[in-house]
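Remarks on the structure that follows.
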Amino acid sequence: MNKAKILLAGKIAAQVRDYIKPLIKKDVPLLEIAKKIETKIIELSGKPAFPVSLAIDEIAAHSTPSHDDETKAHGLLKIDMGVSVDGWLADTAFSIDLENSEENKKLIEASEQALENAIKITKKGITTSEIGGSIQETINSHGFSPIINLSGHEIKQHELHAGVTIPNFDDKKDIKIKTGVYAIEPFATTGNGKVRDGKQSGIYMLIEHKNVRSPIAREVLHFIIEEYQTLPFCSRWLVKKFGTKALFGLKQLEANGNLHHFEQLIESSGAKVSQAEHTILIDDDGEIIVTTR
Ligand code: MN
Ligand code: MN
């Protein structure tokens, strides 16, 4: 692994998080927040590893503004961002309460505390179910439930969700943590603790290079292969590059089987969700929280 590049990706993510936090206020357009985050990542010499996710209330993940989005920030907002430095990735998330709600604040506290406790015990040799058990216990002790069908993950170069899964509950699997890079991401909810698929998110990933007939689809496909490879991207980025005709290209590429289109992930009982996430690097020298300053 390229430790220097992973640490740099993490530093950039931490800087962008600190930069954007005070700028997120009720009624600021999500489109403006997304653009500011992604522009800042590029200014600091990284690339967005995936479209920034801005998920409100019961939407847990996979939510990014479309090119003409008019949604304004409100409720319990989760900001999830990733930075790539030559394909070496860092992934971090935090939540903000924009309606001065005691319940939101408690939910945020629960996921942050669960992350902190999980990080404390994460090292070579511990099992993923022990980490998951710690997350579950912390969130339960706050009176909430973890979301059990969302999880943390190992990260490899050009691969955001690689290999090992870090559950948000004790899944009784005896998988030992080895040296590598891992994202830990507890989600806490007042609901029943599961997400279901919602509407299409406008977030895609390349799955097949195969030929497509229409010229615009072909043009968009070549750009995706060049620019994003196996990392997720969104319709908003392609509209910026090609104009709205990119949307036709994307539709054709999806129908032709070139792309996977992610659905939004929604808490199945419609309850609010908070999230906290850091990326951790484990090598023979020990553990480093990559996504802090
Ligand atoms: Mn993330
Ligand atoms: Mn993640």
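Each chain in the structure tokens gets a letter, A, B, ..., in the order shown, and its residues are numbered from 1; ligands are numbered from 1 in order too.
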Return as number ranges by chain the residues of protein, DNA or RNA that approach ligand 2 to within 6 Å, with only C-alpha atoms and all ligand atoms taken into account. A: 91, 152, 183
So which residues touch segment 61-75 of chain A within 9 Å, counting only C-alpha atoms, skipping near sequence neighbours fewer than 2 positions away, as a ChimeraX atom specification? /A:24-31,33-34,51-57,59,77-78,80,96-101,104,200-203,234-237,239-240,244,262-266
Find the residues near segment 107-116 of chain A: any atom within 12 Å, counting only C-alpha atoms, skip ones fewer than 4 places away on the same chain, and give them as a PDB file with N, CA and C atoms, in the first residue's frame.
```pdb
ATOM      1  N   ASP A  57     -32.536  13.179   6.910  1.00  0.00           N
ATOM      2  CA  ASP A  57     -33.497  12.422   7.746  1.00  0.00           C
ATOM      3  C   ASP A  57     -33.455  10.913   7.493  1.00  0.00           C
ATOM      4  N   LEU A  76     -31.977  16.326   9.677  1.00  0.00           N
ATOM      5  CA  LEU A  76     -30.742  15.656  10.103  1.00  0.00           C
ATOM      6  C   LEU A  76     -29.965  15.316   8.829  1.00  0.00           C
ATOM      7  N   LEU A  77     -28.917  16.096   8.586  1.00  0.00           N
ATOM      8  CA  LEU A  77     -28.163  15.967   7.325  1.00  0.00           C
ATOM      9  C   LEU A  77     -26.867  15.194   7.538  1.00  0.00           C
ATOM     10  N   LYS A  78     -26.664  14.169   6.695  1.00  0.00           N
ATOM     11  CA  LYS A  78     -25.430  13.395   6.715  1.00  0.00           C
ATOM     12  C   LYS A  78     -24.579  13.759   5.514  1.00  0.00           C
ATOM     13  N   THR A  92     -14.912   9.588   4.680  1.00  0.00           N
ATOM     14  CA  THR A  92     -15.297  10.118   5.992  1.00  0.00           C
ATOM     15  C   THR A  92     -16.709  10.710   5.931  1.00  0.00           C
ATOM     16  N   ALA A  93     -17.401  10.682   7.060  1.00  0.00           N
ATOM     17  CA  ALA A  93     -18.757  11.227   7.106  1.00  0.00           C
ATOM     18  C   ALA A  93     -19.062  11.805   8.479  1.00  0.00           C
ATOM     19  N   PHE A  94     -19.971  12.786   8.479  1.00  0.00           N
ATOM     20  CA  PHE A  94     -20.458  13.349   9.741  1.00  0.00           C
ATOM     21  C   PHE A  94     -21.911  13.789   9.557  1.00  0.00           C
ATOM     22  N   SER A  95     -22.563  14.089  10.663  1.00  0.00           N
ATOM     23  CA  SER A  95     -23.979  14.472  10.627  1.00  0.00           C
ATOM     24  C   SER A  95     -24.164  15.812  11.305  1.00  0.00           C
ATOM     25  N   ILE A  96     -25.143  16.589  10.817  1.00  0.00           N
ATOM     26  CA  ILE A  96     -25.453  17.889  11.407  1.00  0.00           C
ATOM     27  C   ILE A  96     -26.961  17.995  11.645  1.00  0.00           C
ATOM     28  N   ASP A  97     -27.330  18.559  12.780  1.00  0.00           N
ATOM     29  CA  ASP A  97     -28.739  18.821  13.092  1.00  0.00           C
ATOM     30  C   ASP A  97     -29.086  20.237  12.662  1.00  0.00           C
ATOM     31  N   LEU A  98     -30.055  20.390  11.750  1.00  0.00           N
ATOM     32  CA  LEU A  98     -30.404  21.712  11.228  1.00  0.00           C
ATOM     33  C   LEU A  98     -31.800  22.160  11.661  1.00  0.00           C
ATOM     34  N   SER A 101     -33.097  19.962  17.098  1.00  0.00           N
ATOM     35  CA  SER A 101     -33.884  18.872  17.678  1.00  0.00           C
ATOM     36  C   SER A 101     -33.018  18.083  18.658  1.00  0.00           C
ATOM     37  N   GLU A 102     -33.546  17.887  19.859  1.00  0.00           N
ATOM     38  CA  GLU A 102     -32.831  17.100  20.878  1.00  0.00           C
ATOM     39  C   GLU A 102     -32.596  15.683  20.383  1.00  0.00           C
ATOM     40  N   GLU A 103     -33.612  15.120  19.724  1.00  0.00           N
ATOM     41  CA  GLU A 103     -33.489  13.747  19.236  1.00  0.00           C
ATOM     42  C   GLU A 103     -32.379  13.631  18.181  1.00  0.00           C
ATOM     43  N   LYS A 120     -11.174   2.747  19.028  1.00  0.00           N
ATOM     44  CA  LYS A 120     -10.310   2.414  20.177  1.00  0.00           C
ATOM     45  C   LYS A 120      -9.882   0.950  20.179  1.00  0.00           C
ATOM     46  N   ILE A 121     -10.764   0.056  19.749  1.00  0.00           N
ATOM     47  CA  ILE A 121     -10.436  -1.378  19.820  1.00  0.00           C
ATOM     48  C   ILE A 121      -9.924  -1.943  18.493  1.00  0.00           C
ATOM     49  N   THR A 122      -9.971  -1.140  17.437  1.00  0.00           N
ATOM     50  CA  THR A 122      -9.589  -1.662  16.118  1.00  0.00           C
ATOM     51  C   THR A 122      -8.076  -1.749  15.986  1.00  0.00           C
ATOM     52  N   ILE A 131     -15.749  -5.581  16.535  1.00  0.00           N
ATOM     53  CA  ILE A 131     -15.949  -4.153  16.219  1.00  0.00           C
ATOM     54  C   ILE A 131     -17.447  -3.876  16.069  1.00  0.00           C
ATOM     55  N   GLY A 132     -18.135  -4.729  15.318  1.00  0.00           N
ATOM     56  CA  GLY A 132     -19.582  -4.581  15.128  1.00  0.00           C
ATOM     57  C   GLY A 132     -20.333  -4.643  16.452  1.00  0.00           C
ATOM     58  N   GLY A 133     -19.927  -5.557  17.313  1.00  0.00           N
ATOM     59  CA  GLY A 133     -20.557  -5.695  18.626  1.00  0.00           C
ATOM     60  C   GLY A 133     -20.418  -4.438  19.459  1.00  0.00           C
ATOM     61  N   SER A 134     -19.237  -3.822  19.398  1.00  0.00           N
ATOM     62  CA  SER A 134     -18.995  -2.578  20.125  1.00  0.00           C
ATOM     63  C   SER A 134     -19.897  -1.453  19.597  1.00  0.00           C
ATOM     64  N   ILE A 135     -20.036  -1.386  18.279  1.00  0.00           N
ATOM     65  CA  ILE A 135     -20.894  -0.359  17.662  1.00  0.00           C
ATOM     66  C   ILE A 135     -22.349  -0.553  18.120  1.00  0.00           C
ATOM     67  N   GLN A 136     -22.794  -1.798  18.045  1.00  0.00           N
ATOM     68  CA  GLN A 136     -24.174  -2.125  18.440  1.00  0.00           C
ATOM     69  C   GLN A 136     -24.430  -1.753  19.903  1.00  0.00           C
ATOM     70  N   GLU A 137     -23.486  -2.139  20.745  1.00  0.00           N
ATOM     71  CA  GLU A 137     -23.634  -1.904  22.184  1.00  0.00           C
ATOM     72  C   GLU A 137     -23.710  -0.400  22.480  1.00  0.00           C
ATOM     73  N   THR A 138     -22.809   0.372  21.880  1.00  0.00           N
ATOM     74  CA  THR A 138     -22.807   1.819  22.123  1.00  0.00           C
ATOM     75  C   THR A 138     -24.118   2.457  21.666  1.00  0.00           C
ATOM     76  N   ILE A 139     -24.559   2.116  20.466  1.00  0.00           N
ATOM     77  CA  ILE A 139     -25.786   2.737  19.936  1.00  0.00           C
ATOM     78  C   ILE A 139     -27.001   2.309  20.767  1.00  0.00           C
ATOM     79  N   ASN A 140     -27.051   1.030  21.142  1.00  0.00           N
ATOM     80  CA  ASN A 140     -28.150   0.567  22.005  1.00  0.00           C
ATOM     81  C   ASN A 140     -28.165   1.295  23.347  1.00  0.00           C
ATOM     82  N   SER A 141     -26.964   1.544  23.882  1.00  0.00           N
ATOM     83  CA  SER A 141     -26.885   2.199  25.200  1.00  0.00           C
ATOM     84  C   SER A 141     -27.408   3.641  25.144  1.00  0.00           C
ATOM     85  N   HIS A 142     -27.475   4.211  23.939  1.00  0.00           N
ATOM     86  CA  HIS A 142     -28.065   5.541  23.779  1.00  0.00           C
ATOM     87  C   HIS A 142     -29.577   5.454  23.513  1.00  0.00           C
ATOM     88  N   GLY A 143     -30.093   4.231  23.469  1.00  0.00           N
ATOM     89  CA  GLY A 143     -31.532   4.054  23.256  1.00  0.00           C
ATOM     90  C   GLY A 143     -31.934   3.965  21.786  1.00  0.00           C
ATOM     91  N   PHE A 144     -30.958   3.739  20.896  1.00  0.00           N
ATOM     92  CA  PHE A 144     -31.238   3.671  19.459  1.00  0.00           C
ATOM     93  C   PHE A 144     -30.791   2.328  18.882  1.00  0.00           C
ATOM     94  N   SER A 145     -31.018   2.137  17.593  1.00  0.00           N
ATOM     95  CA  SER A 145     -30.593   0.917  16.910  1.00  0.00           C
ATOM     96  C   SER A 145     -29.556   1.236  15.843  1.00  0.00           C
ATOM     97  N   PRO A 146     -28.567   0.341  15.676  1.00  0.00           N
ATOM     98  CA  PRO A 146     -27.668   0.495  14.519  1.00  0.00           C
ATOM     99  C   PRO A 146     -28.382  -0.002  13.264  1.00  0.00           C
ATOM    100  N   ILE A 147     -27.973   0.491  12.113  1.00  0.00           N
ATOM    101  CA  ILE A 147     -28.527  -0.049  10.857  1.00  0.00           C
ATOM    102  C   ILE A 147     -27.675  -1.252  10.460  1.00  0.00           C
ATOM    103  N   GLY A 152     -19.290  -0.826   7.398  1.00  0.00           N
ATOM    104  CA  GLY A 152     -17.977  -0.329   7.019  1.00  0.00           C
ATOM    105  C   GLY A 152     -17.318  -1.335   6.084  1.00  0.00           C
ATOM    106  N   ILE A 166     -17.024  -4.442   7.650  1.00  0.00           N
ATOM    107  CA  ILE A 166     -17.069  -4.167   9.096  1.00  0.00           C
ATOM    108  C   ILE A 166     -18.536  -3.934   9.470  1.00  0.00           C
ATOM    109  N   ASN A 168     -22.130  -3.322  11.534  1.00  0.00           N
ATOM    110  CA  ASN A 168     -22.554  -2.400  12.585  1.00  0.00           C
ATOM    111  C   ASN A 168     -23.286  -3.131  13.711  1.00  0.00           C
ATOM    112  N   PHE A 169     -23.076  -4.465  13.768  1.00  0.00           N
ATOM    113  CA  PHE A 169     -23.617  -5.299  14.852  1.00  0.00           C
ATOM    114  C   PHE A 169     -22.749  -6.549  14.935  1.00  0.00           C
ATOM    115  N   ALA A 183     -12.683   1.515   6.433  1.00  0.00           N
ATOM    116  CA  ALA A 183     -13.621   2.570   6.824  1.00  0.00           C
ATOM    117  C   ALA A 183     -14.590   1.967   7.832  1.00  0.00           C
ATOM    118  N   ILE A 184     -14.753   2.658   8.959  1.00  0.00           N
ATOM    119  CA  ILE A 184     -15.740   2.247   9.962  1.00  0.00           C
ATOM    120  C   ILE A 184     -16.841   3.292   9.941  1.00  0.00           C
ATOM    121  N   GLU A 185     -18.107   2.851   9.808  1.00  0.00           N
ATOM    122  CA  GLU A 185     -19.181   3.835   9.653  1.00  0.00           C
ATOM    123  C   GLU A 185     -20.482   3.412  10.325  1.00  0.00           C
ATOM    124  N   PRO A 186     -20.599   3.696  11.627  1.00  0.00           N
ATOM    125  CA  PRO A 186     -21.846   3.412  12.330  1.00  0.00           C
ATOM    126  C   PRO A 186     -22.980   4.341  11.887  1.00  0.00           C
ATOM    127  N   PHE A 187     -24.172   3.751  11.732  1.00  0.00           N
ATOM    128  CA  PHE A 187     -25.406   4.506  11.492  1.00  0.00           C
ATOM    129  C   PHE A 187     -26.325   4.234  12.683  1.00  0.00           C
ATOM    130  N   ALA A 188     -26.890   5.285  13.268  1.00  0.00           N
ATOM    131  CA  ALA A 188     -27.837   5.116  14.367  1.00  0.00           C
ATOM    132  C   ALA A 188     -29.207   5.612  13.930  1.00  0.00           C
ATOM    133  N   THR A 189     -30.256   4.921  14.377  1.00  0.00           N
ATOM    134  CA  THR A 189     -31.618   5.313  13.984  1.00  0.00           C
ATOM    135  C   THR A 189     -32.613   5.100  15.117  1.00  0.00           C
ATOM    136  N   THR A 190     -33.707   5.862  15.089  1.00  0.00           N
ATOM    137  CA  THR A 190     -34.826   5.638  16.000  1.00  0.00           C
ATOM    138  C   THR A 190     -35.743   4.550  15.445  1.00  0.00           C
ATOM    139  N   GLY A 191     -35.496   4.101  14.239  1.00  0.00           N
ATOM    140  CA  GLY A 191     -36.372   3.131  13.564  1.00  0.00           C
ATOM    141  C   GLY A 191     -35.963   1.692  13.809  1.00  0.00           C
ATOM    142  N   ALA A 271     -37.690   6.259   9.659  1.00  0.00           N
ATOM    143  CA  ALA A 271     -37.154   6.974  10.825  1.00  0.00           C
ATOM    144  C   ALA A 271     -35.839   7.671  10.488  1.00  0.00           C
ATOM    145  N   LYS A 272     -35.492   8.630  11.327  1.00  0.00           N
ATOM    146  CA  LYS A 272     -34.266   9.401  11.111  1.00  0.00           C
ATOM    147  C   LYS A 272     -33.005   8.574  11.336  1.00  0.00           C
ATOM    148  N   VAL A 273     -31.937   8.975  10.638  1.00  0.00           N
ATOM    149  CA  VAL A 273     -30.676   8.241  10.675  1.00  0.00           C
ATOM    150  C   VAL A 273     -29.520   9.225  10.834  1.00  0.00           C
ATOM    151  N   SER A 274     -28.571   8.884  11.713  1.00  0.00           N
ATOM    152  CA  SER A 274     -27.305   9.639  11.789  1.00  0.00           C
ATOM    153  C   SER A 274     -26.160   8.720  11.383  1.00  0.00           C
ATOM    154  N   GLN A 275     -25.033   9.328  11.005  1.00  0.00           N
ATOM    155  CA  GLN A 275     -23.863   8.548  10.562  1.00  0.00           C
ATOM    156  C   GLN A 275     -22.586   9.262  10.976  1.00  0.00           C
ATOM    157  N   ALA A 276     -21.562   8.483  11.313  1.00  0.00           N
ATOM    158  CA  ALA A 276     -20.211   9.022  11.497  1.00  0.00           C
ATOM    159  C   ALA A 276     -19.243   8.034  10.861  1.00  0.00           C
ATOM    160  N   GLU A 277     -18.181   8.536  10.240  1.00  0.00           N
ATOM    161  CA  GLU A 277     -17.244   7.625   9.558  1.00  0.00           C
ATOM    162  C   GLU A 277     -15.822   8.174   9.551  1.00  0.00           C
ATOM    163  N   HIS A 278     -14.884   7.278   9.795  1.00  0.00           N
ATOM    164  CA  HIS A 278     -13.470   7.574   9.597  1.00  0.00           C
ATOM    165  C   HIS A 278     -12.803   6.415   8.862  1.00  0.00           C
ATOM    166  N   THR A 279     -11.678   6.716   8.232  1.00  0.00           N
ATOM    167  CA  THR A 279     -10.843   5.697   7.590  1.00  0.00           C
ATOM    168  C   THR A 279      -9.615   5.463   8.454  1.00  0.00           C
ATOM    169  N   ILE A 280      -9.277   4.193   8.660  1.00  0.00           N
ATOM    170  CA  ILE A 280      -8.150   3.824   9.520  1.00  0.00           C
ATOM    171  C   ILE A 280      -7.146   2.990   8.734  1.00  0.00           C
ATOM    172  N   ILE A 289      -5.664   6.971  12.430  1.00  0.00           N
ATOM    173  CA  ILE A 289      -6.930   7.485  11.898  1.00  0.00           C
ATOM    174  C   ILE A 289      -6.554   8.440  10.772  1.00  0.00           C
TER     175      ILE A 289
END
```
Write out as a list in words all residues of segment 177-247 of chain A that backbone DSSP assigns to helix (DSSP H, G or I).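 Answer for segment 177-247 of chain A, restricted to helix (DSSP H, G or I): Pro215, Ile216, Ala217, Arg218, Glu219, Val220, Leu221, His222, Phe223, Ile224, Ile225, Glu226, Glu227, Ser235, Arg236, Trp237, Leu238, Val239, Lys240, Lys241, Phe242, Lys245, Ala246 and Leu247 of chain A.
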Selection from above, N, CA and C atoms, as a tab-separated table (two decimals), in the first residue's frame, can you write it?
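Result file result27.tsv:
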```tsv
chain	number	residue	atom	x	y	z
A	215	PRO	N	-23.83	7.69	-30.54
A	215	PRO	CA	-22.59	8.47	-30.40
A	215	PRO	C	-22.45	9.13	-29.03
A	216	ILE	N	-23.53	9.70	-28.48
A	216	ILE	CA	-23.40	10.38	-27.19
A	216	ILE	C	-23.12	9.36	-26.08
A	217	ALA	N	-23.77	8.20	-26.15
A	217	ALA	CA	-23.51	7.16	-25.15
A	217	ALA	C	-22.04	6.72	-25.23
A	218	ARG	N	-21.55	6.60	-26.46
A	218	ARG	CA	-20.16	6.17	-26.66
A	218	ARG	C	-19.18	7.21	-26.09
A	219	GLU	N	-19.51	8.46	-26.35
A	219	GLU	CA	-18.66	9.57	-25.88
A	219	GLU	C	-18.63	9.60	-24.34
A	220	VAL	N	-19.80	9.45	-23.75
A	220	VAL	CA	-19.90	9.45	-22.29
A	220	VAL	C	-19.15	8.25	-21.71
A	221	LEU	N	-19.31	7.09	-22.35
A	221	LEU	CA	-18.63	5.87	-21.87
A	221	LEU	C	-17.11	6.04	-21.88
A	222	HIS	N	-16.57	6.60	-22.96
A	222	HIS	CA	-15.12	6.81	-23.03
A	222	HIS	C	-14.65	7.73	-21.91
A	223	PHE	N	-15.42	8.78	-21.66
A	223	PHE	CA	-15.06	9.71	-20.59
A	223	PHE	C	-15.08	9.01	-19.22
A	224	ILE	N	-16.10	8.19	-18.99
A	224	ILE	CA	-16.22	7.47	-17.71
A	224	ILE	C	-15.02	6.54	-17.51
A	225	ILE	N	-14.65	5.83	-18.58
A	225	ILE	CA	-13.53	4.89	-18.48
A	225	ILE	C	-12.23	5.64	-18.16
A	226	GLU	N	-12.03	6.77	-18.84
A	226	GLU	CA	-10.84	7.60	-18.61
A	226	GLU	C	-10.81	8.19	-17.21
A	227	GLU	N	-11.95	8.76	-16.81
A	227	GLU	CA	-11.99	9.67	-15.67
A	227	GLU	C	-12.27	8.95	-14.34
A	235	SER	N	-24.64	11.82	-12.39
A	235	SER	CA	-25.15	12.48	-13.59
A	235	SER	C	-24.76	13.97	-13.60
A	236	ARG	N	-24.74	14.58	-12.39
A	236	ARG	CA	-24.38	16.01	-12.29
A	236	ARG	C	-23.01	16.29	-12.89
A	237	TRP	N	-22.03	15.40	-12.64
A	237	TRP	CA	-20.68	15.60	-13.17
A	237	TRP	C	-20.66	15.50	-14.69
A	238	LEU	N	-21.50	14.60	-15.24
A	238	LEU	CA	-21.50	14.40	-16.68
A	238	LEU	C	-22.26	15.52	-17.39
A	239	VAL	N	-23.29	16.06	-16.74
A	239	VAL	CA	-24.00	17.22	-17.31
A	239	VAL	C	-23.05	18.41	-17.37
A	240	LYS	N	-22.20	18.54	-16.35
A	240	LYS	CA	-21.21	19.63	-16.33
A	240	LYS	C	-20.27	19.51	-17.53
A	241	LYS	N	-19.89	18.29	-17.87
A	241	LYS	CA	-18.93	18.04	-18.95
A	241	LYS	C	-19.59	18.12	-20.34
A	242	PHE	N	-20.78	17.48	-20.49
A	242	PHE	CA	-21.37	17.32	-21.83
A	242	PHE	C	-22.67	18.11	-22.02
A	245	LYS	N	-27.43	16.57	-22.63
A	245	LYS	CA	-27.47	15.40	-23.51
A	245	LYS	C	-26.77	14.19	-22.86
A	246	ALA	N	-25.93	14.47	-21.87
A	246	ALA	CA	-25.29	13.37	-21.12
A	246	ALA	C	-26.33	12.46	-20.49
A	247	LEU	N	-27.50	13.03	-20.12
A	247	LEU	CA	-28.54	12.24	-19.46
A	247	LEU	C	-29.09	11.14	-20.40
```
What is the atom CA of Thr230 of chain A to atom CA of Ile175 of chain A distance in Å?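 So the answer is 25.9 Å.
The nearest approach to Lys5 of chain A among the residues A:Glu58, A:Asp18, A:Asp86, A:Asp283, with only C-alpha atoms taken into account, belongs to A:Asp86.
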For ligand 1, which residue out of A:Lys124, A:Ala14, A:His153, A:Gly87 is the nearest one, using only C-alpha atoms and all ligand atoms?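 That would be A:His153, the residue with the smallest distance to ligand 1.
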Tell me, in Å to one decimal, how far atom CA of Ala162 of chain A is from atom CA of Glu43 of chain A.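 Computed distance, atom CA of Ala162 of chain A to atom CA of Glu43 of chain A, equals 27.5 Å.
Checking A:His161, A:Arg196, A:Lys176, A:His209 one by one against ligand 1, counting only C-alpha atoms and all ligand atoms, you find the shortest gap at A:His161.
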Min atom-atom distance to Leu23 of chain A from the set A:Ser269, A:Lys11, A:Ile37, A:Lys199, counting only C-alpha atoms, belongs to A:Ile37
How many Å lie between atom CA of Gly46 of chain A and atom CA of Val83 of chain A, rounded to one decimal?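 Distance reported for this atom pair: 6.0 Å.
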